[in-house]
>>> print(open('model.txt').read())   # compact mmCIF, C-alpha atoms
# COMPACT_ATOMS: atom_id res chain seq x y z
CA MET A 10 68.42 -21.64 -57.26
CA ASN A 11 72.18 -22.22 -57.11
CA LYS A 12 73.48 -24.36 -54.28
CA LYS A 13 75.23 -22.45 -51.52
CA ILE A 14 78.53 -23.70 -50.10
CA LEU A 15 80.25 -22.63 -46.87
CA LEU A 16 84.04 -22.82 -47.17
CA ILE A 17 85.87 -22.85 -43.81
CA GLU A 18 89.58 -22.59 -44.63
CA ASP A 19 92.28 -20.57 -42.86
CA GLU A 20 94.73 -20.43 -45.78
CA GLU A 21 93.45 -17.42 -47.68
CA LYS A 22 95.12 -18.26 -51.00
CA ILE A 23 93.57 -21.73 -51.04
CA ALA A 24 90.23 -20.27 -49.95
CA ARG A 25 90.28 -17.64 -52.71
CA PHE A 26 91.27 -20.12 -55.42
CA THR A 27 88.63 -22.63 -54.31
CA GLU A 28 86.00 -19.90 -54.11
CA LEU A 29 86.68 -18.74 -57.69
CA GLU A 30 86.49 -22.28 -59.05
CA LEU A 31 83.26 -23.01 -57.20
CA LYS A 32 81.68 -19.79 -58.42
CA HIS A 33 82.79 -20.65 -61.96
CA GLU A 34 80.79 -23.89 -61.58
CA GLY A 35 77.71 -21.92 -60.57
CA TYR A 36 77.83 -22.34 -56.77
CA GLU A 37 77.30 -19.52 -54.30
CA VAL A 38 80.16 -19.36 -51.80
CA ALA A 39 80.57 -17.92 -48.30
CA LYS A 40 83.93 -18.05 -46.51
CA ALA A 41 85.19 -18.22 -42.95
CA PHE A 42 88.86 -18.26 -41.93
CA ASN A 43 88.59 -19.85 -38.49
CA GLY A 44 86.51 -22.54 -36.86
CA ARG A 45 84.53 -20.32 -34.52
CA ASP A 46 83.35 -17.94 -37.27
CA GLY A 47 82.59 -20.87 -39.56
CA LEU A 48 80.45 -22.57 -36.91
CA ALA A 49 78.56 -19.33 -36.26
CA MET A 50 77.78 -19.00 -39.97
CA ALA A 51 76.65 -22.63 -40.18
CA GLU A 52 74.31 -22.03 -37.22
CA THR A 53 72.74 -18.82 -38.53
CA GLU A 54 72.65 -19.26 -42.32
CA GLU A 55 71.32 -21.88 -44.74
CA PHE A 56 73.91 -23.86 -46.70
CA ASP A 57 73.70 -26.87 -49.00
CA LEU A 58 77.23 -28.09 -48.18
CA VAL A 59 80.23 -27.26 -45.99
CA LEU A 60 83.86 -27.61 -47.09
CA LEU A 61 85.69 -27.83 -43.79
CA ASP A 62 89.44 -27.78 -43.12
CA ILE A 63 90.59 -29.74 -40.06
CA MET A 64 93.56 -27.60 -38.99
CA LEU A 65 91.76 -24.38 -38.10
CA PRO A 66 92.53 -21.66 -35.56
CA GLU A 67 90.25 -21.04 -32.54
CA LEU A 68 88.19 -24.24 -33.10
CA ASN A 69 89.51 -27.24 -35.04
CA GLY A 70 87.55 -28.74 -37.89
CA LEU A 71 86.58 -31.98 -36.12
CA GLU A 72 85.07 -30.02 -33.23
CA VAL A 73 83.25 -27.75 -35.68
CA LEU A 74 81.85 -30.85 -37.39
CA ARG A 75 80.73 -32.42 -34.11
CA ARG A 76 78.87 -29.23 -33.17
CA ILE A 77 77.29 -28.91 -36.62
CA ARG A 78 75.97 -32.46 -36.30
CA LYS A 79 74.10 -31.47 -33.15
CA PHE A 80 71.79 -29.21 -35.14
CA SER A 81 72.13 -30.13 -38.82
CA ASP A 82 72.74 -33.04 -41.19
CA MET A 83 73.95 -30.77 -44.02
CA PRO A 84 76.65 -32.46 -46.14
CA VAL A 85 80.24 -31.86 -44.99
CA ILE A 86 83.43 -32.61 -46.93
CA MET A 87 86.63 -32.44 -44.90
CA LEU A 88 89.70 -30.71 -46.39
CA THR A 89 93.03 -31.54 -44.79
CA ALA A 90 96.73 -32.06 -45.33
CA ARG A 91 96.58 -35.14 -43.09
CA ASP A 92 96.08 -38.31 -45.11
CA ALA A 93 96.45 -41.11 -42.53
CA VAL A 94 93.62 -43.66 -42.53
CA MET A 95 92.87 -43.03 -38.85
CA ASP A 96 92.48 -39.29 -39.51
CA LYS A 97 89.97 -40.10 -42.23
CA VAL A 98 88.13 -42.51 -39.94
CA SER A 99 87.92 -39.81 -37.25
CA GLY A 100 86.38 -37.39 -39.73
CA LEU A 101 83.89 -39.93 -41.06
CA ASP A 102 82.93 -41.07 -37.55
CA ALA A 103 82.31 -37.46 -36.56
CA GLY A 104 79.77 -37.25 -39.38
CA ALA A 105 81.66 -36.16 -42.49
CA ASP A 106 80.26 -37.24 -45.85
CA ASP A 107 83.66 -37.35 -47.53
CA TYR A 108 87.30 -36.50 -47.06
CA ILE A 109 89.82 -35.01 -49.50
CA THR A 110 93.54 -34.57 -48.89
CA LYS A 111 95.52 -31.46 -49.80
CA PRO A 112 96.89 -30.71 -52.28
CA PHE A 113 93.92 -31.70 -54.40
CA ALA A 114 92.97 -31.15 -58.02
CA ILE A 115 89.95 -28.88 -58.28
CA GLU A 116 88.36 -31.40 -60.68
CA GLU A 117 88.47 -34.03 -57.94
CA LEU A 118 86.90 -31.69 -55.41
CA LEU A 119 84.12 -30.79 -57.85
CA ALA A 120 83.51 -34.49 -58.54
CA ARG A 121 83.26 -35.25 -54.83
CA ILE A 122 80.80 -32.38 -54.35
CA ARG A 123 78.63 -33.74 -57.16
CA VAL A 124 78.75 -37.23 -55.62
CA VAL A 125 77.68 -35.93 -52.21
CA PHE A 126 74.76 -34.00 -53.69
CA LYS A 127 73.76 -37.03 -55.76
CA LYS A 128 73.98 -39.32 -52.74
CA ARG A 129 71.97 -36.99 -50.51
CA GLY A 130 69.34 -36.54 -53.20
CA ALA A 131 68.98 -40.24 -53.96
CA ASP A 132 66.44 -42.51 -52.32
CA ARG A 133 68.43 -44.84 -50.08
CA SER A 134 66.05 -47.63 -51.05
CA ASP A 135 67.70 -47.57 -54.48
CA PHE A 136 70.84 -48.94 -52.89
CA GLY A 137 69.32 -52.41 -52.81
CA HIS A 138 68.05 -54.81 -50.22
CA ALA A 139 70.75 -53.77 -47.76
CA PHE A 140 68.42 -50.92 -46.73
CA ASN A 141 65.18 -52.88 -46.68
CA LYS A 142 63.02 -51.57 -43.84
CA ASP A 143 60.59 -54.55 -43.79
CA THR A 144 62.58 -56.43 -41.14
CA PRO A 145 63.36 -54.01 -38.30
CA LYS A 146 65.10 -56.70 -36.19
CA LEU A 147 68.13 -58.58 -37.45
CA SER A 148 70.10 -61.18 -35.55
CA ALA A 149 72.95 -63.69 -35.69
CA LYS A 150 74.94 -65.54 -33.01
CA GLY A 151 73.19 -63.76 -30.16
CA VAL A 152 73.63 -60.27 -31.62
CA THR A 153 70.37 -58.42 -32.32
CA LEU A 154 70.05 -55.18 -34.27
CA ASP A 155 66.77 -53.30 -33.86
CA GLU A 156 66.37 -50.81 -36.72
CA GLU A 157 63.34 -49.08 -35.21
CA ARG A 158 65.19 -48.30 -31.98
CA HIS A 159 68.61 -48.02 -33.65
CA GLU A 160 69.91 -50.39 -31.00
CA VAL A 161 72.35 -53.30 -30.98
CA MET A 162 72.25 -55.87 -28.16
CA CYS A 163 74.28 -58.94 -27.23
CA GLN A 164 73.78 -61.16 -24.20
CA GLY A 165 71.46 -58.59 -22.67
CA GLU A 166 73.94 -55.72 -23.02
CA GLU A 167 73.68 -52.77 -25.37
CA ILE A 168 76.61 -52.21 -27.73
CA GLU A 169 77.45 -48.61 -28.51
CA LEU A 170 78.42 -48.18 -32.16
CA THR A 171 79.29 -45.20 -34.33
CA HIS A 172 77.09 -44.47 -37.34
CA ARG A 173 79.46 -46.19 -39.77
CA GLU A 174 79.93 -49.23 -37.53
CA TYR A 175 76.15 -49.56 -37.20
CA GLU A 176 75.57 -49.30 -40.95
CA LEU A 177 78.29 -51.88 -41.69
CA LEU A 178 76.88 -54.34 -39.13
CA LYS A 179 73.36 -53.84 -40.47
CA THR A 180 74.50 -54.45 -44.04
CA LEU A 181 76.29 -57.67 -43.10
CA LEU A 182 73.30 -58.91 -41.07
CA GLN A 183 70.91 -58.16 -43.92
CA ASN A 184 73.13 -60.19 -46.23
CA LYS A 185 73.83 -63.22 -44.00
CA ASN A 186 75.67 -66.07 -45.73
CA ILE A 187 76.56 -63.77 -48.62
CA VAL A 188 80.22 -62.84 -49.02
CA LEU A 189 80.54 -59.11 -49.73
CA ASP A 190 83.78 -57.68 -51.05
CA ARG A 191 85.19 -54.44 -49.70
CA GLU A 192 84.09 -52.30 -52.63
CA LYS A 193 80.52 -53.58 -52.43
CA LEU A 194 80.44 -52.97 -48.68
CA LEU A 195 81.79 -49.46 -49.18
CA ASN A 196 79.03 -48.77 -51.71
CA MET A 197 76.30 -50.23 -49.50
CA VAL A 198 77.42 -48.44 -46.35
CA CYS A 199 78.53 -45.10 -47.80
CA GLY A 200 76.47 -44.98 -51.00
CA TYR A 201 77.18 -45.66 -54.64
CA ASP A 202 79.82 -43.47 -56.29
CA TYR A 203 81.56 -42.96 -52.94
CA ILE A 204 85.12 -41.87 -53.57
CA GLY A 205 87.46 -43.32 -50.96
CA GLU A 206 89.77 -46.15 -50.00
CA THR A 207 88.24 -49.60 -49.52
CA ASN A 208 90.60 -50.31 -46.61
CA ILE A 209 88.35 -48.08 -44.51
CA ILE A 210 86.08 -51.17 -44.35
CA ASP A 211 88.90 -53.18 -42.74
CA VAL A 212 89.21 -50.53 -40.04
CA TYR A 213 85.48 -50.65 -39.21
CA VAL A 214 85.46 -54.46 -39.20
CA ARG A 215 88.30 -54.34 -36.68
CA TYR A 216 86.32 -51.90 -34.53
CA LEU A 217 83.25 -54.18 -34.63
CA ARG A 218 85.32 -57.19 -33.65
CA THR A 219 86.76 -55.29 -30.70
CA LYS A 220 83.32 -54.21 -29.49
CA ILE A 221 81.51 -57.52 -30.15
CA ASP A 222 83.76 -60.53 -30.78
CA ASP A 223 86.42 -59.73 -28.18
CA ARG A 224 83.95 -58.47 -25.59
CA PHE A 225 81.45 -61.34 -25.80
CA GLY A 226 83.71 -64.18 -26.90
CA ILE A 227 82.01 -64.88 -30.22
CA LYS A 228 83.07 -64.89 -33.86
CA LEU A 229 80.50 -62.77 -35.63
CA ILE A 230 82.21 -61.50 -38.79
CA SER A 231 84.16 -63.99 -40.90
CA THR A 232 86.99 -62.96 -43.20
CA ILE A 233 86.86 -64.70 -46.55
CA ARG A 234 90.48 -64.55 -47.65
CA GLY A 235 90.98 -62.74 -50.93
CA VAL A 236 87.29 -61.87 -51.20
CA GLY A 237 85.75 -59.92 -48.33
CA TYR A 238 83.55 -60.41 -45.26
CA ALA A 239 80.39 -62.25 -44.25
CA ILE A 240 78.24 -63.09 -41.25
CA LYS A 241 77.42 -66.79 -41.41
CA ASP A 242 74.06 -67.94 -40.05
CA GLU A 243 75.05 -71.27 -38.57
CA ASN A 244 71.49 -72.13 -37.53
CA ARG A 245 70.35 -71.72 -41.11
CA GLN A 246 73.17 -73.89 -42.36
CA GLU A 247 72.43 -76.57 -39.77
CA LYS A 248 68.75 -76.49 -40.71
CA LYS A 249 69.60 -76.99 -44.37
CA SER A 250 71.90 -79.89 -43.50
CA ALA A 251 69.20 -81.48 -41.35
CA GLU A 252 66.62 -81.08 -44.12
CA GLY A 253 69.05 -82.59 -46.59
CA GLY A 254 69.68 -85.53 -44.25
CA SER A 255 65.96 -86.16 -43.72
CA LYS A 256 65.37 -86.05 -47.45
CA ASN A 257 68.12 -88.60 -48.07
CA GLU A 258 66.70 -90.89 -45.39
CA THR A 259 63.25 -90.67 -46.99
CA GLU A 260 64.68 -91.52 -50.35
>>> encode(input="model.txt", output="structure tokens")
Amino acid sequence: MNKKILLIEDEEKIARFTELELKHEGYEVAKAFNGRDGLAMAETEEFDLVLLDIMLPELNGLEVLRRIRKFSDMPVIMLTARDAVMDKVSGLDAGADDYITKPFAIEELLARIRVVFKKRGADRSDFGHAFNKDTPKLSAKGVTLDEERHEVMCQGEEIELTHREYELLKTLLQNKNIVLDREKLLNMVCGYDYIGETNIIDVYVRYLRTKIDDRFGIKLISTIRGVGYAIKDENRQEKKSAEGGSKNETE
């Protein structure tokens, strides 16, 4: 069965062109020209993916996305003429799988659609030990992440994180004392073959530092200049140093 795509786009020429190209690639396509109609279709019909413009009449794309996420985790790719990093972050935080800026080449859009379907169809365990479920609780410097409860605590207080912030923190905690560059972090957090700017990682690190480091007076995430980021387990390092010292004394 061909995959079915819902295209919510108020510019009819763009919608028609995109529809023809998608159909040429074998996709079934349904269209809506405003946010309210698009949301109603997403609620009442089955779709494999939504292509969602942000600047829509009646109900903007971000609000449509937020409401979709209340009842479905279907893949959503945002289409917009706004290309600022913060606009992209807003879309991703609201639950978008990807983000493409107008004007776009149809080949790029088709590639992003394939990546999203591949990512959604892949077993997340294939992404490596960053998604290992064997250790539901992770901790460093007083910060504890409980995977079973999807909860982050520090000094007895719960820290509210967005999905992307949570995934980034989990990845860094699961790779303590390992320096991860931005591209690797992007792949681990968003999935391999993700198409997007690596500076998105810098934005989320800044958000985490605001919510954790600044609030609780600790330095959780270290910047390794010219390389990337890491969470250093000082207790582990001290233990190694102590073991090394004891060994030297024995010798």
>>> atom_distance(input="model.txt", atom1="atom CA of Ala239 of chain A", atom2="atom CA of Gly104 of chain A")
25.5 Å
>>> closest_residue(input="model.txt", among="A:Ala149, A:Ile209, A:Leu194, A:Leu119", to="Glu28 of chain A", atoms="only C-alpha atoms")
A:Leu119
>>> residues_around(input="model.txt", residues="Ala41 of chain A", least_positions_apart="2", cutoff="12 Å", atoms="all atoms listed in the file", output="PyMOL selection string")
chain A and resi 14-21+24-25+28+38-39+43-51+59-62+65-68+70
>>> axis_aligned_box(input="model.txt", around="segment 49-58 of chain A", padding_each_side="6 Å", output="JSON")
{"center_x": 74.9, "center_y": -23.5, "center_z": -42.6, "size_x": 19.2, "size_y": 21.3, "size_z": 24.7}
>>> residues_around(input="model.txt", residues="Asn208 of chain A", least_positions_apart="6", cutoff="10 Å", atoms="all atoms listed in the file", output="short mmCIF file (atom, residue, chain, number, x, y, z; two decimals) with C-alpha atoms, in the coordinates of the input")
data_model
loop_
_atom_site.label_atom_id
_atom_site.label_comp_id
_atom_site.auth_asym_id
_atom_site.auth_seq_id
_atom_site.Cartn_x
_atom_site.Cartn_y
_atom_site.Cartn_z
CA VAL A 94 93.62 -43.66 -42.53
CA ARG A 191 85.19 -54.44 -49.70
CA GLU A 192 84.09 -52.30 -52.63
CA LEU A 195 81.79 -49.46 -49.18
CA VAL A 214 85.46 -54.46 -39.20
#
>>> atom_distance(input="model.txt", atom1="atom CA of Lys127 of chain A", atom2="atom CA of Ile77 of chain A")
21.1 Å
>>> closest_residue(input="model.txt", among="A:Leu181, A:Ile240, A:Leu58, A:Leu71", to="Val98 of chain A", atoms="all atoms listed in the file")
A:Leu71
>>> closest_residue(input="model.txt", among="A:Met83, A:Leu182, A:Val73, A:Leu118", to="Ser148 of chain A", atoms="only C-alpha atoms")
A:Leu182
>>> atom_distance(input="model.txt", atom1="atom CA of Arg123 of chain A", atom2="atom CA of Lys79 of chain A")
24.5 Å
